[in-house]
Amino acid sequence: MPANTCNRRMTVTIRYRLEHPIAVLLSKSMTAIGGAAILNFCTRRAAHLNFLKLEPPMTLSRMPEPDRTVLDRSEAIIGELVALLGADGIISREEGRRAFEADALTAYRQPPLAVALPRTTEDVSKLLKYCRQAGVKVVPRGAGTSLCGGATPTADSIVIGTSRMNSVLETDFVNRTITVQTGITNLAITDAVSAEGFFYAPDPSSQLACTLGGNLAMNSGGAHCLKYGVTTNNVLGLKMVLMDGEIVEINGPYLDSGGYDFMALVIGSEGQFGIITEATLKIIPRMPFARPVMLGFSSCEAAGQCVAAIIGSGIIPVAIEYMDKPAIAVAEAFAKAGYPLDVEALLIVEVEGFEDEIDRLLRAITDIARNFDPQVVEASTSTEHSDRIWKGRKAAFGAMGRISDYYCMDGTIPLARLPEVLSRIGEICAEKRLKVANVFHAGDGNLHPLILFNANDPDEAIRAEQAGAEILKLCVAVGGCLTGEHGVGIEKRDLMDIQFSPSDLAVQMRIKSIFDPHWLLNPGKVFPLPAQELGEQSAADEAA
Amino acid sequence: MSDLQRPGADWELQFVIAGCAEKRMPVEIVGSGSKRGIGRPVDGAVTITTASLRGISLYEPNELVMSARAGTPLSQVESELATRGQMLPFEPIDLGPATGAAHGSQTIGGVFATNMSGARRIQCGAARDHLIGVKGVNGRAELFQLGGRVMKNVTGYDVTRGLAGSWGTLAVMTEVTFKVIPWPETAATVIYLGLPDDLAIELLSTALTLPVEVSGAIHLQAPVAARLGHPGLRIMGKSVTALRLENFSSAVAGRKQHLKEMLKVYGKALELDHRESLEFWGELRRLSVMPNRPSLLWRISTKPTTAPKLVAAIKRYMPVEVYYDWGGALIWLEVPAADDASTAEIRRVTAIHGGHATLIRAEPAVRAAVEVFQPLDPGLERLTRGLKAAFDPAGILNPGRMYANL
């Protein structure tokens with residue numbers, strides 16, 4: 001069964017990929033690789049099907065061919081790594097490496113050559129210096145929660161995991177900063193300062209598990225970005241190790257940087273510029289109270305117009321979350337949050353401040369909402385009530401996962417285009433005979449369509465992936481972007497030329513070459529593979 | 001006199017830059033030219049101004065976003081925003097009055113190219129935090145467009161923000177897209193008089209750790225406060241420590257009480273109402289308390305708690321007059337004119353206490369002779385050279401503006 005399934009998948013996928021603008025380039029490269037490699041890749045994956053109940057959609061974003069000269073030196077390389085960090089710091093056995101073979105984009109699995117778990121910045125420096133000299137590729141990894149394949153290894157790479165670097169180095173409440181090692185989890189940062197009434201603002205929904213290092217690499221957002229911004233707006237300084245082992249400090253606990261804004265470039269560079277080992281972050285005094293109001297509407301237009309009217313009125317809520325009818329139904333069935341099942345769209349709008357301010361703001365918001373004929377208006381009256389309203393939204397993704405496999409998209413759109421985008425998403429999925437549920441950070445335009453499919457049906461999996469690509473193209477076409485907070489990784493790298501012209505890409509790739517002239521850091525991500533190969537080549541040419 | 005080019009379209013700009021790159025001809029990049037007197041002087045054979053690239057190309061008040069051509073006057077941007085009750089969150093500072101240029105003449109491109117933020121930076125972030133999209137031409141004459149018009153966007157590297165504060169040395173921006181926020185319904189200011197620097201910064205830090213969203217936290221030493229426009233404050237002969245609250249009227253009233261209660265150990269507070277607050281913070285935004293004089297003006301970024309110590313250390317070498325902004329994290333330091341801009345002393349003290357110092361006002365000959373921007377560590381210097389070469393391999397865009405041989 002595996003081989004057959006696999007071949008059928010391959011055929012369909014390849015046919016799809018040939019319609020893609022850069023398919024010609026891709027197929028040329030595939031011919032060069034030869035069918036054997038593809039078949040090998042396919043069989044290996046098929047073997048996994050026996051162990052995994054859920055298999056996300058098969059894709060054919062090719063990973064770079066492993067460097068034979070590196071694979072041939074595996075034993076020696078592992079020996080050198082052990083000499084650097086001690087046997088305790090290196091994982092080289094098959095079963096240990098397998099734990100690092102994928103991140104949350106589980107369609108891609110490839111155990112790395114070895115895994116290194118440094119404890120200090122100096123350890124990271126030694127590792128990178130060695131890898132640079134030995135020409136070994138490096139994949140930085142936090143907790144491995146990336147949804148876009150940001151931490152997917154290659155067979156010829158060393159994974160450098162930051163899990164042992166999770167200390168708080170300094171909290172400075174007077175100057176309102178915290179300095180931490182980047183292997184710390186996002187939530188642990190807030191935990192370290194909450195007793196003093198502070199918090200660290202970016203709050204991706206994986207915050208219990210995801211690390212600051214991953215947040216920095218992806219410039220992560222969260223539900224509260226509308227008011228507090230994303231990761232890059234909340235970082236003051238970084239300590240980073242460059243690929244040649246050099247340790248650089250970028251800015252510090254100061255509000256302005258001295259020269260070029262390297263912090264802006266490094267945050268969101270998806271682990272391709274260096275390994276950030278320490279960071280100084282802004283911490284913010286937490287408002288005394290926060291409460292949501294739930295608003296149900298008979299159309300997505302009304303809900304969209306209501307969001308625009310709230311923002312246009314001068315109120316900036318901390319969060320405005322949107323769910324469509326299918327999402328409401330699934331969340332309610334799971335969480336019993338008391339959501340209305342007969343509305344087309346549900347908004348959860350949260351405000352914060354002192355108790356009397358919240359009452360006033362919620363009144364103002366419901367007054368605005370009444371202009372759009374809401375079916376349901378329910379303001380939270382207590383902490384328990386707030387928790388119940390949020391419970392459904394927070395459980396939405398998990399609840400969806402219980403009833404179906406889904407493919408979570410992450411485009412951003414201008415709010416005014418919401419109704420047409422939602423109806424077009426409905427059409428795209430209907431054409432592919434798939435169901436879709438939409439969850440949306442409405443305040444900042446970040447849309448998360450969940451395309452439902454059966455992962456055991458290869459054809460359906462491919463249709464889901466096609467629908468996903470169509471939806472992202474739609475987001476770009478209406479003036480939005482491919483990814484609002486998850487990152488490009490492997491998942492969206494082949495769509496980059498939809499959003500960017502060749503010169504836009506060249507501007508970005510040249511910056512990569514400054515930090516990592518031999519393109520050893522986090523290979524196979526962010527740029528379409530043929531473009532990466534060109535970038536690597538031209539960097540080598542310029543160096544020569 | 002250099003050749004002045006006023007491209008009116010992206011392709012014209014590309015054409016001009018391509019010509020200069022081919023001949024390796026240095027180009028000075030300006031908007032309105034209001035900050036020409038800041039940074040190291042550029043000796044350009046050609047001057048390109050973005051002044052003809054003007055106009056607001058997109059404004060969606062309900063999405064809190066605007067796009068404008070780089071040469072659009074800031075005043076035009078702000079008056080357009082005001083018609084819909086909105087504003088630039090970071091309160092861009094106007095260095096004109098302090099540096100002898102006209103007041104109110106800067107362009108929106110110049111604001112982002114220099115990343116100049118005012119008092120609200122402590123609450124809302126800097127200019128760079130609000131820049132979400134950019135179109136521009138680099139020194140290779142390539143037209144590029146990065147970021148976009150949506151505020152949540154992690155597609156590709158964040159080159160947009162990386163161009164903020166690059167002073168026209170990497171690329172010429174032709175269009176910028178940025179986030180805006182609503183004007184608060186009301187503003188109020190709470191003022192304490194006569195505090196020494198260290199107590200004043202302690203007060204500001206205490207206020208900033210309270211959940212009342214202080215949107216301005218400054219301290220003016222007595223001689224600086226004597227230049228304020230507000231007659232009551234000007235004649236007191238005392239230092240002025242001020243905190244701004246902005247919100248809905250009822251929220252401001254409640255928060256002000258809470259704030260005063262928590263700060264009562266620092267003495268009796270004076271208050272400015274909404275109208276007086278607008279005037280007071282407007283003056284600070286124009287830096288009119290640091291008027292253009294032959295003295296030097298330095299701008300030092302440091303930790304609030306070290307700021308008074310840093311100032312006291314410099315005072316051992318020379319007389320100083322200081323305006324602390326950002327709760328003490330930013331020091332505007334006025335010191336007597338000197339041929340070397342007192343660089344050695346100021347940089348040494350800044351290095352000991354931690355921070356970055358930038359020389360804002362000095363004679364052109366002095367700015368040409370000393371390091372105006374914070375000198376770079378070797379690692380960052382290598383990256384800085386790399387970045388410059390990636391954008392502008394021929395080194396024609398504002399050569400020497402930030403660093404002598406770059």
# chains A, B, ... in the order shown; residues from 1 in each chain; ligands from 1
>>> select_by_dssp(residues="stretch 28-189 of chain B", states="strand (DSSP E)", output="ChimeraX atom specification")
/B:28-30,46-49,56-60,65-69,86-87,131-138,143-147,171-179,181-182,186-189
>>> atom_distance(atom1="atom CA of B:Leu204", atom2="atom CA of B:Val190")
11.1 Å
>>> residues_around(residues="stretch 227-240 of chain B", least_positions_apart="4", cutoff="10 Å", atoms="only C-alpha atoms", output="list in words")
Ile191, Tyr192, Leu193, Gly194, Leu195, Pro196, Asp197, Ala200, Ile218, His219, Leu220, Gln221, Ala222, Pro223, Leu270, Glu276, Glu279, Phe280, Glu283, Leu284, Ser288, Val289, Met290, Pro291 and Tyr323 of chain B
>>> interface_residues(of="chain B", to="chain A", cutoff="6 Å", atoms="only C-alpha atoms", output="PyMOL selection string")
chain B and resi 62+129+144+152-155+157-159+161-162+166+182+205+209+211+251+302-303+356+374+379+386+390
>>> write_last_selection(atoms="C-alpha atoms", output="PDB file, in the first residue's frame")
ATOM      1  CA  ASN B  62     -10.513  52.454   9.807  1.00  0.00           C
ATOM      2  CA  ASP B 129       8.097  50.703  14.955  1.00  0.00           C
ATOM      3  CA  PHE B 144      12.234  47.691  -4.709  1.00  0.00           C
ATOM      4  CA  LYS B 152       1.006  42.180  10.657  1.00  0.00           C
ATOM      5  CA  ASN B 153       3.425  40.976   8.042  1.00  0.00           C
ATOM      6  CA  VAL B 154       6.374  38.620   8.395  1.00  0.00           C
ATOM      7  CA  THR B 155       6.765  37.821   4.696  1.00  0.00           C
ATOM      8  CA  TYR B 157      13.108  39.899   6.048  1.00  0.00           C
ATOM      9  CA  ASP B 158      12.089  43.150   7.722  1.00  0.00           C
ATOM     10  CA  VAL B 159      14.145  45.373   5.436  1.00  0.00           C
ATOM     11  CA  ARG B 161      12.265  48.768   9.338  1.00  0.00           C
ATOM     12  CA  GLY B 162      15.971  48.214   8.643  1.00  0.00           C
ATOM     13  CA  SER B 166      19.804  54.889   7.728  1.00  0.00           C
ATOM     14  CA  PRO B 182      -6.497  58.063  17.001  1.00  0.00           C
ATOM     15  CA  SER B 205      10.578  55.737  36.586  1.00  0.00           C
ATOM     16  CA  THR B 209       5.946  51.413  36.250  1.00  0.00           C
ATOM     17  CA  PRO B 211      -0.496  50.962  34.889  1.00  0.00           C
ATOM     18  CA  ALA B 251     -10.019  57.769  32.309  1.00  0.00           C
ATOM     19  CA  THR B 302      21.013  55.352  27.879  1.00  0.00           C
ATOM     20  CA  LYS B 303      19.268  53.554  30.756  1.00  0.00           C
ATOM     21  CA  HIS B 356      24.968  55.736  22.424  1.00  0.00           C
ATOM     22  CA  GLN B 374      28.283  56.295  17.918  1.00  0.00           C
ATOM     23  CA  GLY B 379      31.727  43.116  14.554  1.00  0.00           C
ATOM     24  CA  GLY B 386      28.470  44.788   4.318  1.00  0.00           C
ATOM     25  CA  ALA B 390      24.820  45.334  -0.501  1.00  0.00           C
TER      26      ALA B 390
END
>>> residues_around(residues="A:Arg119", least_positions_apart="4", cutoff="10 Å", atoms="only C-alpha atoms", output="JSON list (two decimals) with N, CA and C atoms, in the first residue's frame")
[["chain", "number", "residue", "atom", "x", "y", "z"],
["A", 85, "LEU", "N", 31.72, 20.16, 22.78],
["A", 85, "LEU", "CA", 30.69, 20.32, 23.82],
["A", 85, "LEU", "C", 30.67, 19.19, 24.84],
["A", 89, "GLY", "N", 26.51, 17.02, 25.37],
["A", 89, "GLY", "CA", 25.91, 18.12, 24.61],
["A", 89, "GLY", "C", 25.56, 17.76, 23.17],
["A", 123, "ASP", "N", 29.53, 28.41, 23.88],
["A", 123, "ASP", "CA", 29.31, 27.11, 23.24],
["A", 123, "ASP", "C", 28.81, 27.29, 21.80],
["A", 124, "VAL", "N", 27.83, 28.19, 21.66],
["A", 124, "VAL", "CA", 27.26, 28.42, 20.33],
["A", 124, "VAL", "C", 28.35, 28.95, 19.40],
["A", 161, "GLY", "N", 20.04, 23.30, 19.16],
["A", 161, "GLY", "CA", 18.84, 23.53, 19.96],
["A", 161, "GLY", "C", 19.18, 24.40, 21.16],
["A", 162, "THR", "N", 18.26, 25.32, 21.49],
["A", 162, "THR", "CA", 18.56, 26.27, 22.57],
["A", 162, "THR", "C", 17.92, 25.87, 23.90],
["A", 163, "SER", "N", 17.44, 24.62, 23.98],
["A", 163, "SER", "CA", 16.64, 24.23, 25.16],
["A", 163, "SER", "C", 17.39, 24.34, 26.48],
["A", 164, "ARG", "N", 18.71, 24.25, 26.45],
["A", 164, "ARG", "CA", 19.44, 24.36, 27.71],
["A", 164, "ARG", "C", 19.81, 25.79, 28.06],
["A", 165, "MET", "N", 19.44, 26.70, 27.19],
["A", 165, "MET", "CA", 19.76, 28.11, 27.44],
["A", 165, "MET", "C", 18.46, 28.83, 27.75],
["A", 166, "ASN", "N", 17.93, 28.62, 28.95],
["A", 166, "ASN", "CA", 16.60, 29.14, 29.25],
["A", 166, "ASN", "C", 16.55, 29.95, 30.54],
["A", 167, "SER", "N", 17.67, 30.60, 30.87],
["A", 167, "SER", "CA", 17.70, 31.34, 32.14],
["A", 167, "SER", "C", 17.25, 32.79, 31.97],
["A", 181, "GLN", "N", 18.12, 34.38, 28.33],
["A", 181, "GLN", "CA", 18.66, 33.54, 27.26],
["A", 181, "GLN", "C", 17.49, 33.16, 26.35],
["A", 183, "GLY", "N", 16.49, 30.48, 24.86],
["A", 183, "GLY", "CA", 15.78, 29.20, 24.91],
["A", 183, "GLY", "C", 14.62, 29.21, 25.89],
["A", 277, "THR", "N", 21.47, 34.48, 21.19],
["A", 277, "THR", "CA", 21.58, 33.72, 22.44],
["A", 277, "THR", "C", 21.02, 34.46, 23.65]]
>>> atom_distance(atom1="atom CA of B:Gly148", atom2="atom CA of A:Glu470")
19.4 Å
>>> residues_around(residues="A:Ile348", least_positions_apart="4", cutoff="8 Å", atoms="only C-alpha atoms", output="compact mmCIF listing (two decimals) with C-alpha atoms, in the first residue's frame")
# COMPACT_ATOMS: atom_id res chain seq x y z
CA PRO A 292 -14.47 41.17 26.49
CA VAL A 293 -17.81 41.70 24.82
CA MET A 294 -19.25 39.12 22.42
CA LEU A 295 -21.09 40.43 19.35
CA ALA A 319 -7.93 42.27 20.85
CA ILE A 320 -10.67 41.88 18.22
CA GLU A 321 -11.21 38.23 17.28
CA TYR A 322 -13.56 37.05 14.55
CA ILE A 389 -16.09 33.76 26.35
CA TRP A 390 -12.38 33.31 25.62
>>> residues_around(residues="B:Asn247", least_positions_apart="4", cutoff="7 Å", atoms="only C-alpha atoms", output="ChimeraX atom specification")
/B:184-187,251-252
>>> atom_distance(atom1="atom CA of B:Pro308", atom2="atom CA of B:Asp198")
5.5 Å
>>> residues_around(residues="B:Lys309", least_positions_apart="2", cutoff="12 Å", atoms="only C-alpha atoms", output="list of chain:residue names")
B:Pro196, B:Asp197, B:Asp198, B:Leu199, B:Ile201, B:Thr302, B:Lys303, B:Pro304, B:Thr305, B:Thr306, B:Ala307, B:Val311, B:Ala312, B:Ala313, B:Ile314, B:Lys315, B:Arg316, B:Gly328, B:Ile331, B:Val349, B:Thr350, B:Ile352, B:His353, B:Gly354
>>> closest_residue(among="A:Gln375, A:Ser92, A:Gln110, A:Ser298", to="A:Glu80", atoms="only C-alpha atoms")
A:Ser92
>>> closest_residue(among="A:Val377, A:Leu521, A:Ala151, A:Ala442", to="A:Gly274", atoms="only C-alpha atoms")
A:Leu521
>>> select_by_dssp(residues="stretch 206-370 of chain B", states="alpha helix (DSSP H)", output="JSON, numbers by chain")
{"B": [206, 207, 208, 222, 223, 224, 225, 231, 232, 233, 234, 249, 250, 251, 252, 253, 254, 255, 256, 257, 258, 259, 260, 261, 262, 274, 275, 276, 277, 278, 279, 280, 281, 282, 283, 284, 285, 307, 308, 309, 310, 311, 312, 313, 314, 315, 343, 344, 345, 346, 347, 348, 349, 350, 351, 352, 353, 364, 365, 366, 367, 368, 369]}
>>> write_last_selection(atoms="C-alpha atoms", output="short mmCIF file (atom, residue, chain, number, x, y, z; two decimals), in the first residue's frame")
data_model
loop_
_atom_site.label_atom_id
_atom_site.label_comp_id
_atom_site.auth_asym_id
_atom_site.auth_seq_id
_atom_site.Cartn_x
_atom_site.Cartn_y
_atom_site.Cartn_z
CA THR B 206 8.02 55.23 39.34
CA ALA B 207 5.31 56.76 37.15
CA LEU B 208 6.27 54.58 34.20
CA ALA B 222 16.16 74.91 35.68
CA PRO B 223 18.03 76.90 32.98
CA VAL B 224 16.30 74.84 30.28
CA ALA B 225 12.89 75.24 31.91
CA PRO B 231 4.69 81.97 31.62
CA GLY B 232 3.94 80.31 34.96
CA LEU B 233 6.63 77.67 34.51
CA ARG B 234 9.19 79.95 32.88
CA SER B 249 -11.64 62.30 29.71
CA SER B 250 -13.01 60.14 32.50
CA ALA B 251 -10.02 57.77 32.31
CA VAL B 252 -7.55 60.65 32.42
CA ALA B 253 -9.24 62.10 35.48
CA GLY B 254 -9.11 58.79 37.38
CA ARG B 255 -5.57 57.95 36.36
CA LYS B 256 -4.34 61.44 37.24
CA GLN B 257 -5.63 61.04 40.78
CA HIS B 258 -3.98 57.65 41.09
CA LEU B 259 -0.71 58.99 39.75
CA LYS B 260 -0.65 62.00 42.08
CA GLU B 261 -1.45 59.78 45.03
CA MET B 262 1.46 57.47 44.24
CA HIS B 274 -5.79 69.85 27.74
CA ARG B 275 -5.03 73.10 25.90
CA GLU B 276 -1.97 73.92 28.00
CA SER B 277 -0.75 70.35 27.60
CA LEU B 278 -0.92 70.60 23.81
CA GLU B 279 1.19 73.78 23.94
CA PHE B 280 3.68 72.41 26.44
CA TRP B 281 4.34 69.12 24.61
CA GLY B 282 4.25 70.94 21.26
CA GLU B 283 7.13 73.12 22.41
CA LEU B 284 9.12 70.09 23.48
CA ARG B 285 8.44 68.48 20.14
CA ALA B 307 21.19 59.04 32.99
CA PRO B 308 21.70 61.42 35.97
CA LYS B 309 25.06 59.78 36.78
CA LEU B 310 26.17 60.08 33.17
CA VAL B 311 25.22 63.76 33.14
CA ALA B 312 26.97 64.38 36.48
CA ALA B 313 30.12 62.73 35.11
CA ILE B 314 30.16 64.97 32.04
CA LYS B 315 29.57 67.99 34.26
CA THR B 343 33.99 64.07 21.77
CA ALA B 344 36.64 62.34 23.83
CA GLU B 345 35.07 63.20 27.18
CA ILE B 346 31.49 62.56 26.14
CA ARG B 347 32.25 59.25 24.45
CA ARG B 348 34.37 58.07 27.37
CA VAL B 349 31.69 58.84 29.93
CA THR B 350 28.99 57.29 27.73
CA ALA B 351 31.09 54.15 27.35
CA ILE B 352 31.51 53.84 31.11
CA HIS B 353 27.80 54.26 31.86
CA PRO B 364 30.16 71.84 9.69
CA ALA B 365 33.96 71.78 10.10
CA VAL B 366 33.57 70.12 13.50
CA ARG B 367 31.05 67.58 12.22
CA ALA B 368 33.42 66.74 9.38
CA ALA B 369 36.31 66.22 11.78
#
